[in-house]
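S.K.: One structure, as structure tokens, below. Some questions next.
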Amino acid sequence: MLDFVGKLHLLLLHLPIGFLLLGFILALTAQRRAPALRPAVGFTLFWGMISAFAAAVPGYLLSRQSDYDEQLLFWHQWLGIGTAVLSAAVYLLHRRQGQESSYFLPVFGLTVLTLSLTGHFGGSLTHGSGFLFEGSGGETEAAPTAVNLDSAEVFADVVLPVLKQKCGNCHSPSKRKGGLAILTKEDILKGGENGPVILTDNPANSPLLKTISLPPDDDYHMPPKGKTQLTGAEKQLLEWWIGAGAPFGKTVAECGMPESIRSVLVANVKPAGSPLDALKLEAVNAGKLMKLREAGISANPLAKESPFLQVNLAGRKDLSADLLRKLKDIGEHVVQLNLGHSNTDDALLAEAAKLMPHLNRLHLEQTAVTDAGLASLSSLEFLEYLNLHQTAVTDAGLDPLLSLPHLRSLYLWQTRITTEGIARFAERKNGVFINKGIENDSIFGEVGLKPPAFKTTTEIFTDSLSVELEAGFGNAEVRYTLDGADPDSTSTLYAGPIAIRASTEVKARAFKKGWTSSGLSSRQFVKVRYKPAGIRLERGPSERYADKGPQTLADFARGGATFRTGGWLGFEGEHCVAYIDLGKAEEVSRVAVSAYEDTGSWIFFPKALRVSASADGKNYKKVKEVSYAVAEGPTQPGSKIFAPAFEAVRSRYFKVEVLSVMKNPKWHPGAGSPCWVFVDEIMLE
């Protein structure tokens with residue numbers, strides 16, 4: 001009961017602020033301009049006094065429940081008590097002598113001053129000691145992350161900003177909830193009332209990781225429900241950091257941060273100190289970006305209202321000079337360009353370098369670029385990051401890079417560049433972090449493997465299917481599961497094609513001694529059992545993406561590699577609702593929906609699927625509903641099959657609702673505008 005009463009302080013504390021400030025304004029006005037207001041002064045003073053004492057009592061009880069900074073708490077507590085006492089004094093003074101007393105206004109002014117100081121120290125207790133004078137957020141304000149991550153200090157420059165922003169309100173030096181503060185090395189290692197929060201010898205069981213991984217509605221989930229939650233990338237960052245031994249004084253290069261985490265961090269922040277700061281550009285008109293999206297080019301600002309753009313053309317095999325020239329109008333704004341795994345060659349690279357002179361970060365991994373193509377990069381004076389992994393470049397290709405004044409990170413894994421060539425380049429070009437893959441292992445720690453690749457291209461079959469995987473590097477072994485569980489080092493070893501005879505989700509990871517295990521690869525394969533006798537839509541798709549109409553959803557043919565190559569139905573700002581007639585009653589226990597996502601083009605995977613059954617085609621009863629996480633940042637374009645299973649239902653008619661996100665989320669450059677859901681198949685099993 002005392003705990004409950006103490007929490008009422010947060011509800012009551014605003015009442016004396018309102019009453020006493022209003023009373024002071026009325027007193028000043030009545031003194032000089034409107035004597036008729038004097039009766040109202042006494043009314044506000046009375047309730048100001050009552051509410052001041054009403055807030056002070058639970059405030060004292062609350063102070064005994066939590067771990068606050070003792071000095072801040074001392075001043076807030078005694079100034080609060082002083083405010084209550086002074087409010088009583090000024091009320092009695094007004095009642096006995098009225099406003100004519102020479103002491104009334106000075107004492108009232110002192111009360112307001114004490115009230116203001118009480119509020120200041122209260123705000124510092126809950127929001128950090130710099131809440132008022134150091135900008136909103138004080139201690140919890142996140143510092144920017146350095147674009148040149150290789151030279152950034154892992155804890156101070158990368159991890160600490162996340163902890164400040166998402167955990168600092170409750171676990172700072174001025175407010176140690178549970179006896180825990182996690183904004184300094186000393187506090188993190190010290191832990192809280194329940195012991196250490198990170199376990200470097202057993203990272204997976206670290207309390208910090210366990211609490212952020214709990215379901216959001218769990219009482220022990222952190223940050224608490226209602227607070228700003230950690231993004232998926234931030235969770236991955238903390239998992240990697242603790243798994244790497246929670247290094248505090250090392251740089252990113254020394255710790256070997258996985259590229260998957262590096263790219264997310266760099267893609268979202270442009271800090272002070274970047275060579276790009278010298279450019280004075282205006283933000284690009286949203287209409288231009290929309291036209292590029294309609295032309296199949298993903299171009300997005302690095303941050304809201306930023307003039308700098310990132311263009312993602314990774315994996316495209318249809319790149320041409322004409323396509324790149326569509327970027328001409330925004331070329332000087334493009335600072336990040338991803339051409340990895342595409343059909344980019346020397347000629348296309350030269351065209352890109354000419355059109356986008358301010359490139360700061362360039363991905364060319366697994367392309368046909370050679371030494372001749374690198375010669376065209378010598379004019380890119382802002383280039384800091386260059387990835388040439390698995391290209392045919394040789395030692396000669398490094399010479400043009402010597403003229404790049406800001407080059408800081410160079411990735412040369414699985415190229416034809418020799419150790420001697422790297423040594424000569426490093427001698428002539430100081431300060432460049434060079435990653436040669438496995439050869440960096442002894443210096444920078446374990447190197448992460450890439451997820452296994454699925455060689456099997458079809459995902460829909462009628463009888464059985466042979467699923468083939470490949471590790472993608474040397475002698476790495478692949479472990480897989482077929483039961484929905486994530487694979488680990490003890491899962492089934494892949495030794496050849498996997499035969500499946502029912503709808504199955506195949507998950508796989510790559511493992512290699514001395515290397516960090518890969519990320520997860522997964523693919524849903526669907527066995528077709530029923531050919532619908534009829535299918536109709538509650539609302540038709542957009543005219544631009546209507547393909548063959550409803551029959552597109554039941555032709556058992558996957559859509560194109562992109563949403564523009566046909567085979568997809570697109571719905572803007574609305575759900576896709578399909579009614580399926582199987583012709584006769586059949587037993588159904590699974591629905592499979594194939595969808596497409598390209599966040600740069602405002603297309604998101606569905607947020608949920610809902611399945612209902614009916615015997616007469618009129619009255620439907622829900623049999624299954626499942627929700628899916630919405631992307632928390634830019635994603636690679638691609639398709640995916642969602643195939644929830646449920647208890648078998650025998651029926652002829654089924655209603656399948658593919659629920660759209662409806663509007664772009666807050667992080668998106670087009671936040672609040674209608675987004676799309678794209679579907680190409682709906683199958684019942």
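Here's how to read the names in the structure tokens: chain A, B, ... by the order shown, residue numbers from 1 in each chain, ligand numbers from 1 in the order shown.
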Please return, as a PyMOL selection string, all residues of segment 469-606 of chain A that DSSP assigns to strand (DSSP E or B) on the basis of the backbone.
M.R.: chain A and resi 469-470+477-481+492-493+498-500+504-511+515-516+521-527+534-537+569-572+576-598+603
S.K.: Restricting the calculation to only C-alpha atoms, which member of A:Val506, A:Val656, A:Leu377, A:Ile198 is positioned closest to Leu553 of chain A?
M.R.: A:Val656
